[in-house]
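What follows is the content of structure18.txt, which has compact mmCIF, C-alpha atoms:
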# COMPACT_ATOMS: atom_id res chain seq x y z
CA GLY N 1 84.73 215.05 -81.03
CA ALA N 2 87.61 212.57 -81.27
CA LEU N 3 89.98 214.99 -79.56
CA THR N 4 87.44 215.59 -76.78
CA PHE N 5 87.10 211.82 -76.31
CA VAL N 6 90.86 211.29 -75.98
CA VAL N 7 91.46 214.24 -73.64
CA ALA N 8 88.45 213.44 -71.43
CA LEU N 9 89.37 209.76 -71.22
CA PHE N 10 92.90 210.69 -70.13
CA GLN N 11 91.54 213.04 -67.46
CA ALA N 12 89.12 210.37 -66.23
CA TYR N 13 91.97 207.86 -65.95
CA ARG N 14 94.13 210.43 -64.11
CA ASN N 15 91.41 211.25 -61.56
CA TRP N 16 90.51 207.59 -61.00
CA ARG N 17 94.16 206.59 -60.57
CA LEU N 18 94.65 209.48 -58.14
CA SER N 19 91.65 208.38 -56.07
CA ARG N 20 93.11 204.85 -55.79
CA LEU N 21 96.53 206.19 -54.79
CA ILE N 22 95.07 208.41 -52.08
CA ASP N 23 92.83 205.63 -50.77
CA GLY N 24 95.77 203.23 -50.53
CA THR N 25 98.29 205.57 -48.88
CA PRO N 26 98.09 205.93 -45.07
CA PRO N 27 99.24 209.17 -43.37
CA THR N 28 102.92 209.46 -42.46
CA ALA N 29 104.44 211.67 -39.75
CA ILE N 30 106.88 214.20 -41.25
CA SER N 31 109.64 212.91 -38.96
CA ASP N 32 109.20 209.44 -40.53
CA LEU N 33 109.19 210.55 -44.18
CA SER N 34 111.32 208.95 -46.87
CA ALA N 35 111.52 209.62 -50.61
CA GLY N 36 108.37 208.37 -52.32
CA LEU N 37 104.60 208.61 -52.21
CA HIS N 38 103.15 209.83 -48.88
CA GLU N 39 100.15 211.47 -47.29
CA VAL N 40 100.96 214.11 -44.66
CA ARG N 41 98.68 216.06 -42.34
CA GLY N 42 99.51 219.25 -40.51
CA ALA N 43 98.93 222.96 -39.97
CA LEU N 44 99.58 225.34 -42.87
CA GLN N 45 102.27 227.97 -42.28
CA GLY N 46 104.04 230.38 -44.61
CA ASP N 47 106.32 233.33 -45.21
CA GLY N 48 104.42 236.60 -45.61
CA LEU N 49 100.78 237.27 -46.43
CA LEU N 50 98.67 237.94 -49.50
CA GLU N 51 95.29 239.63 -49.81
CA SER N 52 92.62 237.59 -51.58
CA PRO N 53 91.22 239.50 -54.58
CA PHE N 54 87.49 239.44 -53.74
CA SER N 55 87.05 239.04 -49.96
CA ARG N 56 90.33 240.92 -49.30
CA ARG N 57 91.25 238.40 -46.59
CA PRO N 58 94.88 238.03 -45.44
CA CYS N 59 95.89 234.57 -46.62
CA LEU N 60 98.72 232.28 -47.74
CA TYR N 61 96.92 231.06 -50.86
CA TRP N 62 94.01 232.22 -53.01
CA ARG N 63 92.32 231.14 -56.20
CA LEU N 64 89.69 233.07 -58.14
CA ILE N 65 87.60 231.75 -61.02
CA LEU N 66 85.45 234.02 -63.22
CA GLU N 67 82.82 232.42 -65.45
CA GLN N 68 80.32 233.65 -68.00
CA ARG N 69 77.15 231.92 -69.21
CA ARG N 70 77.32 231.08 -72.89
CA ARG N 71 75.40 228.58 -75.01
CA ASN N 72 73.71 227.10 -71.94
CA GLN N 73 76.97 226.40 -70.11
CA TRP N 74 79.43 228.22 -67.88
CA GLU N 75 82.60 229.26 -69.69
CA THR N 76 85.75 230.03 -67.67
CA LEU N 77 87.09 233.50 -68.49
CA ALA N 78 89.83 233.66 -65.86
CA ASP N 79 91.37 231.23 -63.37
CA ARG N 80 94.09 232.84 -61.24
CA LYS N 81 96.08 231.75 -58.18
CA GLY N 82 98.35 233.47 -55.69
CA SER N 83 100.50 231.93 -52.96
CA VAL N 84 103.46 232.55 -50.69
CA ARG N 85 106.17 230.06 -49.73
CA ALA N 86 104.26 227.61 -47.53
CA TRP N 87 104.68 224.38 -45.61
CA LEU N 88 102.82 221.92 -43.40
CA ASP N 89 103.92 221.54 -39.77
CA ASP N 90 102.76 218.49 -37.80
CA GLY N 91 104.76 219.34 -34.67
CA GLY N 92 107.57 216.98 -35.61
CA GLY N 93 108.80 218.57 -38.83
CA ARG N 94 107.96 220.58 -41.93
CA LEU N 95 106.91 219.62 -45.45
CA THR N 96 107.39 222.36 -48.05
CA LEU N 97 104.40 222.85 -50.38
CA HIS N 98 104.14 224.46 -53.82
CA LEU N 99 100.54 225.64 -53.69
CA ASP N 100 100.74 227.43 -57.03
CA GLN N 101 101.43 224.09 -58.77
CA ALA N 102 99.49 221.64 -56.60
CA ASP N 103 95.95 220.35 -57.09
CA VAL N 104 94.42 222.38 -54.23
CA ILE N 105 90.96 221.18 -53.17
CA VAL N 106 89.11 223.55 -50.82
CA GLY N 107 85.76 222.44 -49.46
CA ALA N 108 84.99 224.25 -46.20
CA SER N 109 82.46 227.06 -46.58
CA GLN N 110 84.51 229.45 -44.42
CA ARG N 111 87.31 229.23 -47.00
CA THR N 112 85.19 229.89 -50.10
CA SER N 113 83.11 232.75 -51.51
CA ASP N 114 80.64 232.61 -54.42
CA GLY N 115 78.48 235.21 -56.05
CA ILE N 116 77.41 237.21 -59.08
CA LEU N 117 78.87 240.44 -60.47
CA GLY N 118 77.10 242.62 -62.99
CA PHE N 119 78.71 243.60 -66.30
CA PRO N 120 79.60 246.34 -66.73
CA SER N 121 80.26 247.32 -63.11
CA SER N 122 83.02 249.02 -61.16
CA ASP N 123 83.25 246.02 -58.79
CA LEU N 124 84.01 243.68 -61.70
CA THR N 125 86.53 246.09 -63.22
CA GLU N 126 88.39 246.40 -59.90
CA LEU N 127 88.37 242.62 -59.37
CA ILE N 128 89.80 241.93 -62.82
CA GLY N 129 92.51 244.50 -62.11
CA ARG N 130 93.42 242.87 -58.79
CA ILE N 131 93.91 239.42 -60.35
CA GLY N 132 95.82 240.84 -63.31
CA ALA N 133 93.66 239.01 -65.83
CA ASP N 134 93.33 239.92 -69.49
CA VAL N 135 89.66 239.03 -69.88
CA GLU N 136 88.30 239.14 -73.42
CA GLY N 137 84.84 238.51 -74.82
CA LEU N 138 82.82 239.87 -71.90
CA ALA N 139 79.19 239.95 -72.93
CA GLY N 140 77.24 240.19 -69.67
CA PRO N 141 74.79 240.84 -68.25
CA TYR N 142 76.63 239.20 -65.35
CA LEU N 143 79.50 236.91 -64.39
CA ARG N 144 79.83 234.56 -61.47
CA TYR N 145 82.93 234.25 -59.31
CA HIS N 146 84.32 231.56 -57.01
CA GLU N 147 87.10 232.40 -54.55
CA GLU N 148 89.08 229.97 -52.38
CA VAL N 149 91.53 230.94 -49.62
CA LEU N 150 93.85 229.13 -47.23
CA VAL N 151 95.12 230.92 -44.13
CA ALA N 152 97.82 230.25 -41.55
CA GLY N 153 96.83 227.49 -39.15
CA ASP N 154 94.44 225.68 -41.51
CA ARG N 155 94.58 221.92 -40.97
CA LEU N 156 95.34 220.28 -44.32
CA CYS N 157 96.41 216.99 -45.81
CA ALA N 158 98.99 216.79 -48.60
CA MET N 159 99.41 213.82 -50.91
CA GLY N 160 102.17 213.21 -53.44
CA GLU N 161 105.77 212.31 -54.13
CA VAL N 162 108.06 213.58 -51.38
CA ASN N 163 111.68 214.56 -52.06
CA ALA N 164 114.52 215.71 -49.84
CA ASP N 165 114.95 219.49 -49.83
CA GLY N 166 118.30 219.96 -48.12
CA GLU N 167 117.69 218.89 -44.53
CA ALA N 168 113.90 219.16 -44.95
CA TRP N 169 111.24 217.59 -47.17
CA GLU N 170 109.13 218.96 -50.00
CA LEU N 171 106.14 217.86 -52.03
CA SER N 172 107.65 217.30 -55.47
CA THR N 173 106.49 219.44 -58.37
CA ALA N 174 107.91 216.98 -60.90
CA ALA N 175 105.39 214.23 -60.09
CA GLU N 176 101.88 214.08 -61.56
CA THR N 177 100.30 213.45 -58.15
CA GLN N 178 100.33 216.54 -55.93
CA VAL N 179 97.15 217.18 -53.93
CA VAL N 180 96.62 219.57 -51.01
CA SER N 181 93.19 219.75 -49.37
CA ASP N 182 91.25 220.84 -46.29
CA ARG N 183 89.03 217.77 -46.73
CA ASN N 184 89.68 214.42 -45.08
CA GLU N 185 90.98 211.47 -47.08
CA ALA N 186 87.57 209.89 -47.72
CA GLU N 187 86.17 213.17 -49.07
CA VAL N 188 89.16 213.67 -51.38
CA VAL N 189 88.79 210.12 -52.72
CA LYS N 190 85.08 210.69 -53.44
CA PHE N 191 85.87 214.06 -55.04
CA GLN N 192 88.38 212.48 -57.43
CA GLU N 193 85.98 209.64 -58.24
CA ARG N 194 83.22 212.13 -59.09
CA LEU N 195 85.63 214.03 -61.37
CA ALA N 196 86.53 210.77 -63.10
CA LEU N 197 82.85 209.98 -63.74
CA ARG N 198 82.25 213.48 -65.10
CA TRP N 199 85.16 213.13 -67.51
CA ILE N 200 83.82 209.75 -68.65
CA GLY N 201 80.55 211.51 -69.45
CA VAL N 202 82.42 214.14 -71.47
CA ALA N 203 84.33 211.37 -73.28
CA MET N 204 81.05 209.67 -74.23
CA ILE N 205 79.70 212.93 -75.63
CA GLY N 206 82.92 213.37 -77.62
CA ALA N 207 82.62 209.82 -78.97
CA LEU N 208 79.01 210.45 -80.04
CA VAL N 209 79.97 213.70 -81.79
CA ALA N 210 82.84 211.95 -83.59
CA ALA N 211 80.57 209.08 -84.66
CA ALA N 212 77.84 211.44 -85.87
CA THR N 213 80.37 213.51 -87.84
CA THR N 214 81.74 210.35 -89.49
CA LEU N 215 78.25 209.19 -90.49
CA LEU N 216 77.39 212.60 -91.95
CA ASP N 217 80.65 212.62 -93.94
CA GLN N 218 79.91 209.17 -95.29
CA ALA N 219 76.34 210.15 -96.16
CA GLY N 220 77.64 213.26 -97.93

As structure tokens, the full file:
Amino acid sequence: GALTFVVALFQAYRNWRLSRLIDGTPPTAISDLSAGLHEVRGALQGDGLLESPFSRRPCLYWRLILEQRRRNQWETLADRKGSVRAWLDDGGGRLTLHLDQADVIVGASQRTSDGILGFPSSDLTELIGRIGADVEGLAGPYLRYHEEVLVAGDRLCAMGEVNADGEAWELSTAAETQVVSDRNEAEVVKFQERLALRWIGVAMIGALVAAATTLLDQAG
């Protein structure tokens, strides 16, 4: 309970701080970038193509989450990503992205797929094989999946610390703040605020569990 409280409180602080940073950082043209915190908007481009594991769409980035219902809550069994070398192009320059390490927030329905897969089933077995996941503890009778994809030409915004990459610019992987999204700034801010509130709720539950455990120990 105490550990849950500490971890959840840290996550809540991180999401709230991120929402304030995004809200207070206006967009910058790539041609006007300098080292530091920036928000950049442009079209996604990349080298090569991948095939998303469920919808089999040609894409530059995919993420697949498999979850199983246990003890009245959804438990994540696998969370996998795939990406090629990618960048944003706003017509005046390029900003290199590291989609495999960024906080990628995908909201548009045409870029997501959700559904249920039976267990056992050949479809589930093939999907697990395509994402290269070592999934243990499958109990069925079904799992749910969530897939996100980004394709060439998608209009995105990127937020984070920008560093020089030779004669170009890149979104730094060393900084804590690194967000890429197909949502507009206001939606990303609200998304981060909602995450912060959820983590505060988890922290409160952790605090209650810790307090109850302490009282039981004292009573014992």

For segment 205-212 of chain N: contacts at 7 Å, only C-alpha atoms, fewer than 2 positions along chain excluded, given as a PyMOL selection string
chain N and resi 1-2+4-5+201-203+214-216

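Minimum distance to Trp16 of chain N across N:Glu193, N:Asp114, N:Asp79, N:Asp217 (counting all atoms listed in the file) occurs at N:Glu193.
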
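The smallest atom-to-atom distance between Asp32 of chain N and any of N:Ala168, N:Leu3, N:Ile200, N:Leu49, using all atoms listed in the file, is found for N:Ala168.
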
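The set of protein, DNA and RNA residues with any counted atom at most 7 Å from (95.0, 217.4, -48.2) (only C-alpha atoms) reads N:Leu156, N:Cys157, N:Ala158, N:Met159, N:Val179, N:Val180, N:Ser181, N:Asp182, N:Arg183, N:Asn184.
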
Excluding segment 72-76 of chain N and its own-chain neighbours fewer than 5 positions away, which residues fall within 10 Å of it when counting only C-alpha atoms? Please give them as a ChimeraX atom specification.
/N:65-67,143-145

Around (101.2, 215.9, -39.6) in the file's own coordinates, what residues are found within 8 Å if you use only C-alpha atoms, given back as a ChimeraX atom specification?
/N:27-30,40-43,88-92,157

Per residue of segment 26-100 of chain N within 12 Å of segment 121-142 of chain N, record the nearest atom pair and its distance in Å to one decimal, counting all atoms listed in the file, with rows in chain order and ascending residue number, as a tab-separated table.
residue	atom	partner	partner_atom	distance
N:Leu50	CA	N:Arg130	CA	11.8
N:Glu51	CA	N:Arg130	CA	9.7
N:Ser52	CA	N:Arg130	CA	9.0
N:Pro53	CA	N:Arg130	CA	5.8
N:Phe54	CA	N:Leu127	CA	6.5
N:Ser55	CA	N:Leu127	CA	10.2
N:Arg56	CA	N:Arg130	CA	10.2
N:Trp62	CA	N:Ile131	CA	10.3
N:Arg63	CA	N:Ile131	CA	9.4
N:Leu64	CA	N:Ile131	CA	7.9
N:Ile65	CA	N:Ile131	CA	10.0
N:Leu66	CA	N:Ile128	CA	9.0
N:Glu67	CA	N:Tyr142	CA	9.2
N:Gln68	CA	N:Tyr142	CA	7.2
N:Arg69	CA	N:Tyr142	CA	8.3
N:Arg70	CA	N:Ala139	CA	9.1
N:Trp74	CA	N:Tyr142	CA	11.6
N:Glu75	CA	N:Gly137	CA	10.8
N:Thr76	CA	N:Val135	CA	10.1
N:Leu77	CA	N:Val135	CA	6.3
N:Ala78	CA	N:Ala133	CA	6.6
N:Asp79	CA	N:Ala133	CA	8.5
N:Arg80	CA	N:Ile131	CA	6.6
N:Lys81	CA	N:Ile131	CA	8.3
N:Gly82	CA	N:Ile131	CA	8.8

Just want the 9 Å neighbourhood of Ala102 of chain N, counted on only C-alpha atoms, with same-chain residues fewer than 3 positions away dropped. Output as number ranges by chain.
N: 97-99, 171, 173, 177-180

Any idea what the distance is between atom CA of Tyr61 of chain N and atom CA of Trp169 of chain N?
20.0 Å

Pick the closest to Glu170 of chain N from N:Val84, N:Leu150, N:Leu9, N:Leu33: which is it, counting only C-alpha atoms?
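For Glu170 of chain N, the nearest of the given residues is N:Leu33.
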
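Atom pair atom CA of Leu60 of chain N / atom CA of Val104 of chain N has a distance of 12.6 Å (rounded to one decimal).
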
What is the distance, in Å and to one decimal place, between atom CA of Leu197 of chain N and atom CA of Val6 of chain N?
14.7 Å

What box, with edges along x, y and z, holds each listed atom of segment 85-102 of chain N when 6 Å is added on every side, and can you state its centre and edge lengths in Å to one decimal, as JSON?
{"center_x": 104.1, "center_y": 223.5, "center_z": -46.7, "size_x": 21.3, "size_y": 25.1, "size_z": 36.1}

So which one's closest to Arg57 of chain N, N:Leu44, N:Val162, N:Leu37, N:Val151? Using all atoms listed in the file, please.
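Residue with the minimum atom-to-atom distance to Arg57 of chain N: N:Val151.
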
Since the input is missing atoms for segment 208-219 of chain N, could you rebuild it with all heavy atoms and give the result as a compact mmCIF listing (two decimals), in the frame of the given file?
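Output below, filename selection_30.txt:
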# COMPACT_ATOMS: atom_id res chain seq x y z
N LEU N 208 80.25 210.33 -79.27
CA LEU N 208 79.01 210.45 -80.04
C LEU N 208 79.14 211.50 -81.14
O LEU N 208 78.67 211.32 -82.26
CB LEU N 208 77.85 210.79 -79.11
CG LEU N 208 77.39 209.68 -78.15
CD1 LEU N 208 76.36 210.20 -77.17
CD2 LEU N 208 76.83 208.50 -78.95
N VAL N 209 79.77 212.64 -80.79
CA VAL N 209 79.97 213.70 -81.79
C VAL N 209 80.85 213.19 -82.93
O VAL N 209 80.57 213.44 -84.11
CB VAL N 209 80.59 214.94 -81.13
CG1 VAL N 209 81.03 215.95 -82.19
CG2 VAL N 209 79.61 215.58 -80.17
N ALA N 210 81.94 212.49 -82.57
CA ALA N 210 82.84 211.95 -83.59
C ALA N 210 82.12 210.95 -84.49
O ALA N 210 82.28 210.96 -85.72
CB ALA N 210 84.05 211.29 -82.93
N ALA N 211 81.30 210.08 -83.87
CA ALA N 211 80.57 209.08 -84.66
C ALA N 211 79.55 209.74 -85.58
O ALA N 211 79.41 209.36 -86.75
CB ALA N 211 79.88 208.10 -83.71
N ALA N 212 78.84 210.75 -85.06
CA ALA N 212 77.84 211.44 -85.87
C ALA N 212 78.49 212.17 -87.04
O ALA N 212 77.98 212.17 -88.17
CB ALA N 212 77.07 212.43 -85.00
N THR N 213 79.65 212.79 -86.79
CA THR N 213 80.37 213.51 -87.84
C THR N 213 80.82 212.54 -88.94
O THR N 213 80.72 212.84 -90.14
CB THR N 213 81.59 214.23 -87.26
OG1 THR N 213 81.16 215.12 -86.24
CG2 THR N 213 82.31 215.01 -88.34
N THR N 214 81.30 211.36 -88.51
CA THR N 214 81.74 210.35 -89.49
C THR N 214 80.58 209.88 -90.34
O THR N 214 80.70 209.75 -91.58
CB THR N 214 82.36 209.15 -88.75
OG1 THR N 214 83.47 209.59 -87.97
CG2 THR N 214 82.84 208.10 -89.74
N LEU N 215 79.43 209.64 -89.74
CA LEU N 215 78.25 209.19 -90.49
C LEU N 215 77.78 210.25 -91.47
O LEU N 215 77.39 209.94 -92.62
CB LEU N 215 77.12 208.83 -89.51
CG LEU N 215 77.34 207.56 -88.67
CD1 LEU N 215 76.22 207.41 -87.65
CD2 LEU N 215 77.40 206.32 -89.58
N LEU N 216 77.81 211.51 -91.05
CA LEU N 216 77.39 212.60 -91.95
C LEU N 216 78.34 212.72 -93.14
O LEU N 216 77.92 212.96 -94.26
CB LEU N 216 77.33 213.91 -91.18
CG LEU N 216 76.17 214.05 -90.18
CD1 LEU N 216 76.32 215.32 -89.36
CD2 LEU N 216 74.83 214.08 -90.93
N ASP N 217 79.67 212.57 -92.84
CA ASP N 217 80.65 212.62 -93.94
C ASP N 217 80.42 211.51 -94.93
O ASP N 217 80.53 211.70 -96.16
CB ASP N 217 82.06 212.55 -93.37
CG ASP N 217 82.47 213.83 -92.63
OD1 ASP N 217 81.78 214.86 -92.85
OD2 ASP N 217 83.43 213.80 -91.84
N GLN N 218 80.12 210.30 -94.41
CA GLN N 218 79.91 209.17 -95.29
C GLN N 218 78.64 209.36 -96.10
O GLN N 218 78.57 209.01 -97.29
CB GLN N 218 79.82 207.89 -94.48
CG GLN N 218 81.15 207.47 -93.86
CD GLN N 218 81.02 206.25 -92.95
OE1 GLN N 218 79.91 205.82 -92.61
NE2 GLN N 218 82.15 205.68 -92.55
N ALA N 219 77.61 209.93 -95.45
CA ALA N 219 76.34 210.15 -96.16
C ALA N 219 76.50 211.21 -97.24
O ALA N 219 75.86 211.17 -98.28
CB ALA N 219 75.26 210.58 -95.16
